[in-house]
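Reviewing the structure listed below.
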Amino acid sequence: MPNRMLRVQEVARMLGCSVSSVWSFSSKNSKVSNFPRRYKIGPGITGWREDEIETYIENRKKEAAA
């Protein structure tokens, strides 16, 4: 099954944070070093792979439980 590309609003909703936080997490100078990379999917359009975001969320849950 092909992997969906998520727009910033969807990523923010999944993470429970603001859109500006997603941009901050994905910046080059971010302290969140393991945040999934963003992909250029068109002129002025950026997306994140759904499976990478889901893996990131699962890893965060594991870290919080440890």
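Chain labels run A, B, ... following the order of the structure tokens; each chain numbers its residues from 1, and ligands are numbered from 1 in the order shown.
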- DSSP-assigned strand (DSSP E) members of chain A, reported as a count of residues only: 11
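Residues within 9 Å of A:Leu6, counting only C-alpha atoms and excluding same-chain residues fewer than 4 positions away, are Glu10, Val11, Thr46, Gly47, Trp48, Arg49, Glu50 and Ile53 of chain A.
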- Excluding A:Phe25 and any residue of its chain fewer than 4 positions from it, enumerate the residues within 12 Å of it, using only C-alpha atoms, and give them as a ChimeraX atom specification. /A:8,11-12,15,17-21,29-38,56
- From the list A:Ile41, A:Ala64, A:Ile57, A:Val22, which residue is nearest A:Gln9 when using only C-alpha atoms?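 So, comparing all the options, the nearest one is A:Val22.
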- Which value, in Å to one decimal, gives the distance between atom CA of A:Asn59 and atom CA of A:Lys28? 20.7 Å
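Picture a line from atom CA of A:Ser27 to atom CA of A:Asp51; it runs 19.6 Å.
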- Message: What does the structure give for the distance between atom CA of A:Glu52 and atom CA of A:Ala65, in Å to one decimal?
- Response: 20.1 Å
- Find the residue from A:Lys61, A:Thr55, A:Ala66, A:Tyr39 that sits nearest to A:Arg7; use only C-alpha atoms when measuring.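 Once distances to A:Arg7 are computed over only C-alpha atoms, the minimum belongs to A:Tyr39.
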